[in-house]
file query_6.txt (compact mmCIF, C-alpha atoms and all ligand atoms)
# COMPACT_ATOMS: atom_id res chain seq x y z
CA MET A 1 -71.09 -31.37 5.76
CA ALA A 2 -74.80 -31.08 6.68
CA THR A 3 -74.92 -34.69 7.96
CA ARG A 4 -71.67 -34.40 9.94
CA GLY A 5 -73.06 -31.73 12.25
CA ARG A 6 -75.89 -33.98 13.45
CA THR A 7 -73.71 -36.21 15.66
CA PRO A 8 -71.47 -35.06 18.57
CA GLU A 9 -68.35 -36.25 16.66
CA GLY A 10 -69.51 -34.44 13.56
CA ARG A 11 -70.17 -31.23 15.48
CA CYS A 12 -66.62 -31.38 16.94
CA GLU A 13 -65.19 -31.80 13.47
CA VAL A 14 -67.21 -28.87 12.10
CA ALA A 15 -66.11 -26.68 15.03
CA ARG A 16 -62.49 -27.57 14.35
CA LEU A 17 -62.83 -26.69 10.66
CA LEU A 18 -64.63 -23.38 11.22
CA PRO A 19 -62.56 -20.22 11.75
CA ARG A 20 -62.42 -19.30 15.42
CA PRO A 21 -64.20 -16.05 16.24
CA THR A 22 -62.20 -13.42 18.07
CA CYS A 23 -63.57 -10.55 20.09
CA GLY A 24 -62.19 -7.14 20.97
CA GLY A 25 -60.45 -8.40 24.10
CA ALA A 26 -58.02 -10.65 22.22
CA PRO A 27 -54.42 -10.33 23.53
CA SER A 28 -51.87 -8.50 21.35
CA PRO A 29 -49.02 -10.54 19.91
CA PRO A 30 -46.03 -10.50 22.27
CA LEU A 31 -43.36 -7.89 21.50
CA THR A 32 -39.70 -8.91 21.42
CA SER A 33 -36.72 -6.70 22.06
CA VAL A 34 -35.17 -7.65 18.69
CA PHE A 35 -36.70 -6.64 15.34
CA PRO A 36 -35.31 -7.87 12.02
CA THR A 37 -34.15 -4.97 9.86
CA HIS A 38 -34.73 -5.54 6.18
CA PHE A 39 -33.26 -2.24 4.98
CA GLN A 40 -29.56 -1.89 5.77
CA PRO A 41 -28.13 1.27 4.21
CA ASN A 42 -24.57 0.32 5.19
CA ALA A 43 -24.84 -3.32 4.11
CA ILE A 44 -22.23 -2.75 1.40
CA LEU A 45 -19.64 -2.47 4.16
CA LYS A 46 -20.12 -6.16 4.90
CA THR A 47 -18.93 -7.06 1.42
CA PHE A 48 -15.47 -5.77 2.27
CA LEU A 49 -15.15 -8.01 5.32
CA PRO A 50 -13.75 -11.55 5.06
CA SER A 51 -16.30 -14.26 5.71
CA LYS A 52 -13.89 -17.07 6.63
CA ASN A 53 -12.70 -17.80 10.16
CA ASP A 54 -9.16 -16.75 9.30
CA GLY A 55 -10.38 -13.23 8.53
CA MET A 56 -10.45 -10.23 10.83
CA SER A 57 -11.12 -10.53 14.55
CA GLN A 58 -14.06 -8.69 16.10
CA HIS A 59 -11.66 -6.00 17.28
CA GLN A 60 -10.19 -5.57 13.79
CA LYS A 61 -13.66 -5.41 12.25
CA SER A 62 -14.61 -2.75 14.78
CA LEU A 63 -11.53 -0.69 13.86
CA TYR A 64 -12.20 -1.12 10.15
CA LEU A 65 -15.81 0.03 10.40
CA LYS A 66 -14.80 3.02 12.54
CA LEU A 67 -12.24 3.98 9.90
CA ILE A 68 -14.79 3.66 7.08
CA LEU A 69 -17.41 5.64 8.99
CA GLY A 70 -14.96 8.31 10.17
CA LEU A 71 -15.43 7.56 13.86
CA PRO A 72 -12.71 8.06 16.51
CA ILE A 73 -10.39 5.08 16.93
CA PRO A 74 -8.99 4.27 20.38
CA ALA A 75 -5.29 5.07 20.86
CA LEU A 76 -2.82 2.18 20.77
CA PHE A 77 -1.57 3.18 24.19
CA GLN A 78 -3.89 5.08 26.47
CA ASN A 79 -2.78 8.58 27.52
CA SER A 80 -0.17 8.69 24.76
CA PRO A 81 -0.73 10.59 21.50
CA ILE A 82 2.52 9.19 20.09
CA CYS A 83 2.56 6.13 17.80
CA PRO A 84 5.24 3.46 18.54
CA CYS A 85 6.99 4.64 15.33
CA GLY A 86 7.59 8.01 17.03
CA GLN A 87 5.15 10.10 14.99
CA GLN A 88 2.03 11.84 16.27
CA ASN A 89 -1.02 9.58 16.27
CA ASP A 90 -4.42 10.95 15.28
CA GLY A 91 -7.88 10.15 16.60
CA LEU A 92 -9.30 8.99 13.25
CA GLY A 93 -6.57 6.45 12.45
CA CYS A 94 -5.19 8.22 9.34
CA HIS A 95 -1.58 7.85 10.49
CA ARG A 96 -2.08 4.14 11.14
CA ILE A 97 -3.09 3.55 7.49
CA HIS A 98 0.39 4.67 6.44
CA CYS A 99 2.52 3.69 9.45
CA ARG A 100 4.99 0.92 8.63
CA GLN A 101 4.44 -0.47 12.11
CA ASN A 102 0.71 -0.67 11.52
CA ALA A 103 -1.63 -0.99 8.52
CA GLY A 104 1.04 0.43 6.18
CA LYS A 105 2.44 -3.10 5.99
CA ALA A 106 -0.82 -4.28 4.41
CA PHE A 107 -0.47 -2.29 1.17
CA LYS A 108 1.84 -4.81 -0.50
CA PRO A 109 -0.29 -7.90 0.36
CA ALA A 110 -3.43 -5.94 -0.63
CA HIS A 111 -1.82 -5.17 -4.01
CA GLU A 112 -1.13 -8.89 -4.50
CA VAL A 113 -4.70 -9.83 -3.57
CA VAL A 114 -6.07 -7.42 -6.20
CA VAL A 115 -3.63 -8.72 -8.87
CA GLN A 116 -4.68 -12.32 -8.14
CA ALA A 117 -8.39 -11.41 -8.18
CA LEU A 118 -7.97 -9.66 -11.53
CA LYS A 119 -5.98 -12.60 -12.86
CA ARG A 120 -8.70 -15.05 -11.85
CA LYS A 121 -11.38 -13.04 -13.66
CA HIS A 122 -9.66 -13.15 -17.05
CA PRO A 123 -9.53 -16.90 -17.92
CA ARG A 124 -13.28 -17.17 -17.27
CA THR A 125 -13.81 -14.93 -20.30
CA GLY A 126 -11.22 -16.61 -22.51
CA PHE A 127 -8.09 -14.55 -21.81
CA ARG A 128 -4.66 -15.97 -21.11
CA THR A 129 -2.72 -14.12 -18.41
CA VAL A 130 0.87 -13.91 -17.17
CA ASP A 131 1.67 -12.57 -13.70
CA ASN A 132 5.02 -14.28 -13.07
CA ASP A 133 7.52 -11.45 -12.62
CA ASN A 134 10.43 -13.31 -14.24
CA GLU A 135 8.33 -13.98 -17.34
CA LEU A 136 7.03 -10.40 -17.35
CA ARG A 137 10.60 -9.09 -17.13
CA ALA A 138 11.85 -11.43 -19.88
CA ASN A 139 9.00 -11.13 -22.36
CA HIS A 140 6.65 -8.27 -21.46
CA ALA A 141 8.79 -5.39 -20.13
CA HIS A 142 9.79 -1.96 -21.50
CA LEU A 143 12.52 -2.50 -24.07
CA THR A 144 15.16 -0.32 -22.40
CA SER A 145 14.33 0.15 -18.71
CA LYS A 146 12.81 -3.32 -18.22
CA LYS A 147 10.08 -1.72 -16.10
CA ARG A 148 6.90 -3.78 -16.22
CA GLY A 149 3.27 -3.97 -15.16
CA ASP A 150 1.62 -6.57 -12.94
CA LEU A 151 -0.38 -8.63 -15.43
CA ALA A 152 -0.09 -9.36 -19.16
CA THR A 153 -3.38 -10.42 -20.77
CA PHE A 154 -3.89 -11.99 -24.19
CA SER A 155 -7.20 -12.16 -26.00
CA ASN A 156 -8.15 -15.50 -27.54
CA SER A 157 -11.28 -14.05 -29.16
CA ASP A 158 -12.36 -10.99 -31.16
CA PHE A 159 -12.15 -8.87 -28.00
CA ARG A 160 -9.56 -6.07 -28.27
CA PHE A 161 -8.00 -3.64 -25.78
CA TYR A 162 -7.88 0.04 -26.69
CA ASP A 163 -4.35 1.45 -26.88
CA SER A 164 -4.71 5.14 -25.94
CA ILE A 165 -1.29 6.05 -27.42
CA SER A 166 -1.57 4.56 -30.93
CA ARG A 167 -5.42 4.61 -30.78
CA LEU A 168 -5.40 1.08 -32.16
CA PRO A 169 -7.23 -2.02 -30.92
CA ARG A 170 -4.75 -4.55 -29.52
CA PRO A 171 -5.10 -8.27 -28.72
CA GLU A 172 -2.56 -7.89 -25.88
CA ALA A 173 -2.57 -5.59 -22.87
CA ILE A 174 -0.60 -4.91 -19.72
CA ALA A 175 -2.43 -4.07 -16.49
CA ASP A 176 -0.78 -2.35 -13.56
CA VAL A 177 -2.46 -2.44 -10.15
CA LYS A 178 -2.05 0.34 -7.61
CA MET A 179 -3.41 0.64 -4.08
CA VAL A 180 -4.00 4.19 -2.83
CA SER A 181 -5.12 5.40 0.58
CA LEU A 182 -6.83 8.69 -0.53
CA VAL A 183 -6.09 10.25 2.89
CA ASN A 184 -2.61 11.15 4.06
CA SER A 185 -1.01 10.54 7.43
CA GLN A 186 -2.16 13.95 8.68
CA GLY A 187 -5.82 13.27 7.80
CA THR A 188 -5.86 15.46 4.65
CA TRP A 189 -7.91 14.10 1.77
CA THR A 190 -6.81 16.54 -0.93
CA PRO A 191 -3.81 15.78 -3.19
CA ALA A 192 -0.87 18.21 -3.24
CA ARG A 193 2.20 18.70 -5.43
CA SER A 194 5.39 17.99 -3.50
CA ARG A 195 7.68 21.00 -3.00
CA HIS A 196 10.85 18.93 -3.08
CA LYS A 197 10.04 16.22 -5.64
CA ASP A 198 8.29 16.52 -8.98
CA LYS A 199 5.36 14.38 -7.97
CA ILE A 200 1.83 14.50 -6.53
CA GLU A 201 1.55 13.52 -2.88
CA ASN A 202 -1.59 11.63 -1.85
CA PRO A 203 -2.99 11.31 -5.42
CA GLY A 204 -6.67 10.63 -6.02
CA LEU A 205 -7.93 7.68 -8.07
CA VAL A 206 -7.89 9.51 -11.44
CA GLN A 207 -4.52 11.15 -10.75
CA GLN A 208 -2.99 7.80 -9.81
CA GLU A 209 -4.32 6.30 -13.04
CA GLN A 210 -2.61 9.07 -14.99
CA ILE A 211 0.67 8.57 -13.08
CA LYS A 212 0.67 4.92 -14.13
CA ILE A 213 -0.23 5.78 -17.73
CA ASN A 214 2.65 8.27 -17.85
CA LYS A 215 4.99 5.60 -16.51
CA HIS A 216 4.01 2.73 -18.83
CA ALA A 217 1.71 3.47 -21.77
CA ALA A 218 4.18 5.23 -24.10
CA PHE A 219 6.71 2.40 -23.60
CA TYR A 220 4.26 -0.43 -24.18
CA SER A 221 2.49 0.99 -27.22
CA PRO A 222 5.48 0.72 -29.65
CA ILE A 223 5.90 -2.97 -28.79
CA GLY A 224 2.24 -3.78 -29.46
CA TYR A 225 0.55 -3.66 -26.06
CA ALA A 226 -2.37 -1.60 -24.82
CA PHE A 227 -1.96 -0.46 -21.23
CA PHE A 228 -4.49 0.15 -18.47
CA SER A 229 -4.12 0.99 -14.79
CA PHE A 230 -6.28 -0.71 -12.17
CA VAL A 231 -6.45 1.60 -9.14
CA VAL A 232 -8.16 0.59 -5.89
CA SER A 233 -8.36 2.60 -2.66
CA CYS A 234 -8.08 1.05 0.79
CA PHE A 235 -11.61 2.36 1.42
CA GLY A 236 -12.90 -0.01 -1.28
CA SER A 237 -13.47 2.43 -4.18
CA PHE A 238 -12.19 1.75 -7.71
CA GLY A 239 -10.65 4.03 -10.31
CA PRO A 240 -12.74 4.71 -13.47
CA THR A 241 -10.67 2.40 -15.68
CA ALA A 242 -10.87 -0.41 -13.10
CA VAL A 243 -14.67 -0.04 -13.06
CA ARG A 244 -14.81 -0.10 -16.88
CA CYS A 245 -12.55 -3.17 -16.91
CA LEU A 246 -14.85 -5.08 -14.54
CA PHE A 247 -17.95 -4.00 -16.49
CA SER A 248 -16.31 -5.10 -19.77
CA LEU A 249 -15.42 -8.52 -18.34
CA ALA A 250 -18.96 -8.94 -16.99
CA ASP A 251 -20.43 -7.82 -20.32
CA LEU A 252 -18.22 -10.24 -22.23
CA LYS A 253 -19.21 -13.09 -19.93
CA LEU A 254 -22.89 -12.31 -20.51
CA LEU A 255 -22.37 -12.24 -24.28
CA GLN A 256 -20.55 -15.57 -24.16
CA HIS A 257 -23.30 -17.05 -22.02
CA GLY A 258 -25.94 -15.76 -24.47
CA SER A 259 -24.04 -17.29 -27.41
CA PHE A 260 -23.72 -20.57 -25.53
CA LEU A 261 -27.50 -20.69 -24.87
CA LEU A 262 -28.23 -19.81 -28.51
CA ASP A 263 -25.88 -22.55 -29.79
CA ARG A 264 -27.45 -25.07 -27.46
CA ALA A 265 -30.97 -24.09 -28.56
CA LEU A 266 -29.99 -24.42 -32.23
CA THR A 267 -28.36 -27.84 -31.82
CA GLN A 268 -31.22 -29.36 -29.82
ZN ZN B 1 3.34 5.15 13.38
call {"tool": "encode", "arguments": {"input": "query_6.txt", "output": "structure tokens", "more": "lines below"}}
Ligand SMILES: [Zn+2]
result
Amino acid sequence: MATRGRTPEGRCEVARLLPRPTCGGAPSPPLTSVFPTHFQPNAILKTFLPSKNDGMSQHQKSLYLKLILGLPIPALFQNSPICPCGQQNDGLGCHRIHCRQNAGKAFKPAHEVVVQALKRKHPRTGFRTVDNDNELRANHAHLTSKKRGDLATFSNSDFRFYDSISRLPRPEAIADVKMVSLVNSQGTWTPARSRHKDKIENPGLVQQEQIKINKHAAFYSPIGYAFFSFVVSCFGSFGPTAVRCLFSLADLKLLQHGSFLLDRALTQ
């Protein structure tokens, strides 16, 4: 390096390699109007939105986020508080969740999406499943009423389902999926017992689980099945049993993966 600085070419090269001095008058880096935000407290909301092009439109996404965040939703028809179905509309969109001319139609497809998602999770951990209604009716229904759940699952391993009626571990279980809205058409979040019918209106997640258990568990236990209810709200929350089910499947998958790695290490 000492010899390089003796010639003009060498001095140029040394100057290029040396750090450039800056003085106090150096210009500040330019500011832009857009700053990346690394912390997004509401980022979980994105996980509920479809990522494919056939998903929601911008307008639908806007309505969905307003509903989740409890913000006012524009009326379907300006200057009219009445929904096309004839009932009073509300500013927060609670009626539209239930209205059969609006989002109320989505409950059945949403139920099917959850059943299919649950079905897809099971074979990955070594369970066989049946969701065909004819097969469920013929082979996996209540003996007398022929009522049935949404999904029959069969364990091919040591994994067992807990039957809360007989308190026995079972290799076979029936799952029943239920979608709940958690808020009624009038915007009330609390459940209430119906005056005219012997049932709970607008049940919460735990209450809906119990309703399903009352309907199915005592009928399935005598014929050898455990029963569990998988409750999901249209705001994206899960019932406690649904959460435990997903944790159990994830735990089982991890155990299987650990066993696979151990086997591979031992055979190599
Ligand atoms: Zn309506």
call {"tool": "residues_near_ligand", "arguments": {"input": "query_6.txt", "ligand": "ligand ZN 1 (chain B)", "cutoff": "7 Å", "atoms": "all atoms listed in the file", "output": "short mmCIF file (atom, residue, chain, number, x, y, z; two decimals) with C-alpha atoms, in the frame of the given file"}}
result
data_model
loop_
_atom_site.label_atom_id
_atom_site.label_comp_id
_atom_site.auth_asym_id
_atom_site.auth_seq_id
_atom_site.Cartn_x
_atom_site.Cartn_y
_atom_site.Cartn_z
CA CYS A 83 2.56 6.13 17.80
CA PRO A 84 5.24 3.46 18.54
CA CYS A 85 6.99 4.64 15.33
CA GLY A 86 7.59 8.01 17.03
CA GLN A 87 5.15 10.10 14.99
CA ASN A 89 -1.02 9.58 16.27
CA HIS A 95 -1.58 7.85 10.49
CA ARG A 96 -2.08 4.14 11.14
CA CYS A 99 2.52 3.69 9.45
CA ARG A 100 4.99 0.92 8.63
CA GLN A 101 4.44 -0.47 12.11
CA ASN A 102 0.71 -0.67 11.52
#
call {"tool": "closest_residue", "arguments": {"input": "query_6.txt", "among": "A:Ala226, A:Ala110, A:Ala250, A:Leu71", "to": "Arg170 (chain A)", "atoms": "only C-alpha atoms"}}
result
A:Ala226
call {"tool": "closest_residue", "arguments": {"input": "query_6.txt", "among": "A:Leu252, A:Met179, A:Leu67, A:Leu92", "to": "Phe159 (chain A)", "atoms": "only C-alpha atoms"}}
result
A:Leu252
call {"tool": "atom_distance", "arguments": {"input": "query_6.txt", "atom1": "CA of Val114 (chain A)", "atom2": "CA of Val231 (chain A)"}}
result
9.5 Å
call {"tool": "atom_distance", "arguments": {"input": "query_6.txt", "atom1": "CA of Pro240 (chain A)", "atom2": "CA of Ile213 (chain A)"}}
result
13.3 Å
call {"tool": "decode", "arguments": {"input": "query_6.txt", "residues": "region 86-182 of chain A", "atoms": "C-alpha atoms", "output": "JSON list (two decimals), in the first residue's frame"}}
result
[["chain", "number", "residue", "atom", "x", "y", "z"],
["A", 86, "GLY", "CA", -88.33, -5.97, 5.40],
["A", 87, "GLN", "CA", -86.63, -5.89, 8.80],
["A", 88, "GLN", "CA", -84.90, -2.94, 10.41],
["A", 89, "ASN", "CA", -81.25, -2.62, 9.38],
["A", 90, "ASP", "CA", -78.62, -1.59, 11.92],
["A", 91, "GLY", "CA", -75.53, 0.55, 11.51],
["A", 92, "LEU", "CA", -73.07, -2.14, 12.65],
["A", 93, "GLY", "CA", -74.23, -4.85, 10.25],
["A", 94, "CYS", "CA", -75.52, -7.30, 12.90],
["A", 95, "HIS", "CA", -78.78, -7.89, 11.05],
["A", 96, "ARG", "CA", -76.92, -8.61, 7.83],
["A", 97, "ILE", "CA", -75.00, -11.49, 9.46],
["A", 98, "HIS", "CA", -78.31, -13.28, 9.98],
["A", 99, "CYS", "CA", -80.42, -11.98, 7.08],
["A", 100, "ARG", "CA", -81.25, -14.72, 4.57],
["A", 101, "GLN", "CA", -80.93, -12.14, 1.81],
["A", 102, "ASN", "CA", -77.43, -11.26, 2.94],
["A", 103, "ALA", "CA", -74.59, -12.97, 4.84],
["A", 104, "GLY", "CA", -77.03, -15.41, 6.47],
["A", 105, "LYS", "CA", -76.74, -17.49, 3.31],
["A", 106, "ALA", "CA", -73.03, -18.00, 4.01],
["A", 107, "PHE", "CA", -73.49, -20.06, 7.20],
["A", 108, "LYS", "CA", -74.10, -23.33, 5.37],
["A", 109, "PRO", "CA", -71.10, -22.99, 2.98],
["A", 110, "ALA", "CA", -68.95, -21.83, 5.92],
["A", 111, "HIS", "CA", -69.96, -24.97, 7.84],
["A", 112, "GLU", "CA", -68.90, -27.10, 4.86],
["A", 113, "VAL", "CA", -65.56, -25.30, 4.57],
["A", 114, "VAL", "CA", -64.80, -26.02, 8.25],
["A", 115, "VAL", "CA", -65.83, -29.70, 7.89],
["A", 116, "GLN", "CA", -63.54, -30.09, 4.86],
["A", 117, "ALA", "CA", -60.65, -28.32, 6.62],
["A", 118, "LEU", "CA", -61.04, -30.59, 9.64],
["A", 119, "LYS", "CA", -61.27, -33.63, 7.37],
["A", 120, "ARG", "CA", -58.05, -32.68, 5.59],
["A", 121, "LYS", "CA", -56.14, -32.35, 8.87],
["A", 122, "HIS", "CA", -56.89, -35.89, 10.04],
["A", 123, "PRO", "CA", -55.23, -38.13, 7.38],
["A", 124, "ARG", "CA", -51.96, -36.23, 7.84],
["A", 125, "THR", "CA", -51.78, -37.68, 11.35],
["A", 126, "GLY", "CA", -52.88, -41.19, 10.41],
["A", 127, "PHE", "CA", -56.66, -41.03, 10.90],
["A", 128, "ARG", "CA", -59.23, -42.33, 8.46],
["A", 129, "THR", "CA", -62.30, -40.12, 8.08],
["A", 130, "VAL", "CA", -65.82, -40.41, 6.66],
["A", 131, "ASP", "CA", -67.83, -37.30, 5.78],
["A", 132, "ASN", "CA", -70.19, -38.76, 3.16],
["A", 133, "ASP", "CA", -73.68, -38.25, 4.57],
["A", 134, "ASN", "CA", -75.12, -41.47, 3.10],
["A", 135, "GLU", "CA", -72.32, -43.48, 4.69],
["A", 136, "LEU", "CA", -72.68, -41.59, 7.97],
["A", 137, "ARG", "CA", -76.43, -42.29, 7.98],
["A", 138, "ALA", "CA", -75.95, -45.98, 7.13],
["A", 139, "ASN", "CA", -73.03, -46.83, 9.40],
["A", 140, "HIS", "CA", -72.36, -44.04, 11.91],
["A", 141, "ALA", "CA", -75.75, -42.65, 13.02],
["A", 142, "HIS", "CA", -77.78, -42.83, 16.25],
["A", 143, "LEU", "CA", -79.41, -46.26, 16.38],
["A", 144, "THR", "CA", -83.01, -45.04, 16.61],
["A", 145, "SER", "CA", -83.27, -41.46, 15.34],
["A", 146, "LYS", "CA", -80.57, -41.81, 12.66],
["A", 147, "LYS", "CA", -79.30, -38.35, 13.62],
["A", 148, "ARG", "CA", -75.61, -38.02, 12.85],
["A", 149, "GLY", "CA", -72.56, -35.79, 13.13],
["A", 150, "ASP", "CA", -70.48, -34.31, 10.31],
["A", 151, "LEU", "CA", -67.32, -36.41, 10.43],
["A", 152, "ALA", "CA", -66.46, -39.92, 11.65],
["A", 153, "THR", "CA", -62.77, -40.38, 12.48],
["A", 154, "PHE", "CA", -60.92, -43.66, 13.08],
["A", 155, "SER", "CA", -57.55, -43.93, 14.75],
["A", 156, "ASN", "CA", -54.97, -46.15, 13.05],
["A", 157, "SER", "CA", -52.48, -45.71, 15.90],
["A", 158, "ASP", "CA", -52.39, -45.77, 19.71],
["A", 159, "PHE", "CA", -54.15, -42.38, 19.78],
["A", 160, "ARG", "CA", -57.55, -42.53, 21.51],
["A", 161, "PHE", "CA", -60.48, -40.11, 21.82],
["A", 162, "TYR", "CA", -61.96, -39.48, 25.26],
["A", 163, "ASP", "CA", -65.62, -40.46, 25.57],
["A", 164, "SER", "CA", -67.06, -38.10, 28.20],
["A", 165, "ILE", "CA", -70.13, -40.32, 28.78],
["A", 166, "SER", "CA", -68.50, -43.72, 29.42],
["A", 167, "ARG", "CA", -65.17, -42.07, 30.42],
["A", 168, "LEU", "CA", -63.39, -44.60, 28.23],
["A", 169, "PRO", "CA", -60.75, -44.06, 25.55],
["A", 170, "ARG", "CA", -62.16, -44.85, 22.11],
["A", 171, "PRO", "CA", -60.45, -45.50, 18.75],
["A", 172, "GLU", "CA", -63.46, -43.98, 16.93],
["A", 173, "ALA", "CA", -65.07, -40.57, 17.29],
["A", 174, "ILE", "CA", -67.77, -38.45, 15.72],
["A", 175, "ALA", "CA", -67.21, -34.71, 15.25],
["A", 176, "ASP", "CA", -70.02, -32.24, 14.73],
["A", 177, "VAL", "CA", -69.23, -28.77, 13.37],
["A", 178, "LYS", "CA", -71.31, -25.73, 14.24],
["A", 179, "MET", "CA", -71.01, -22.14, 13.06],
["A", 180, "VAL", "CA", -72.24, -19.48, 15.48],
["A", 181, "SER", "CA", -72.51, -15.73, 15.04],
["A", 182, "LEU", "CA", -72.14, -14.70, 18.75]]
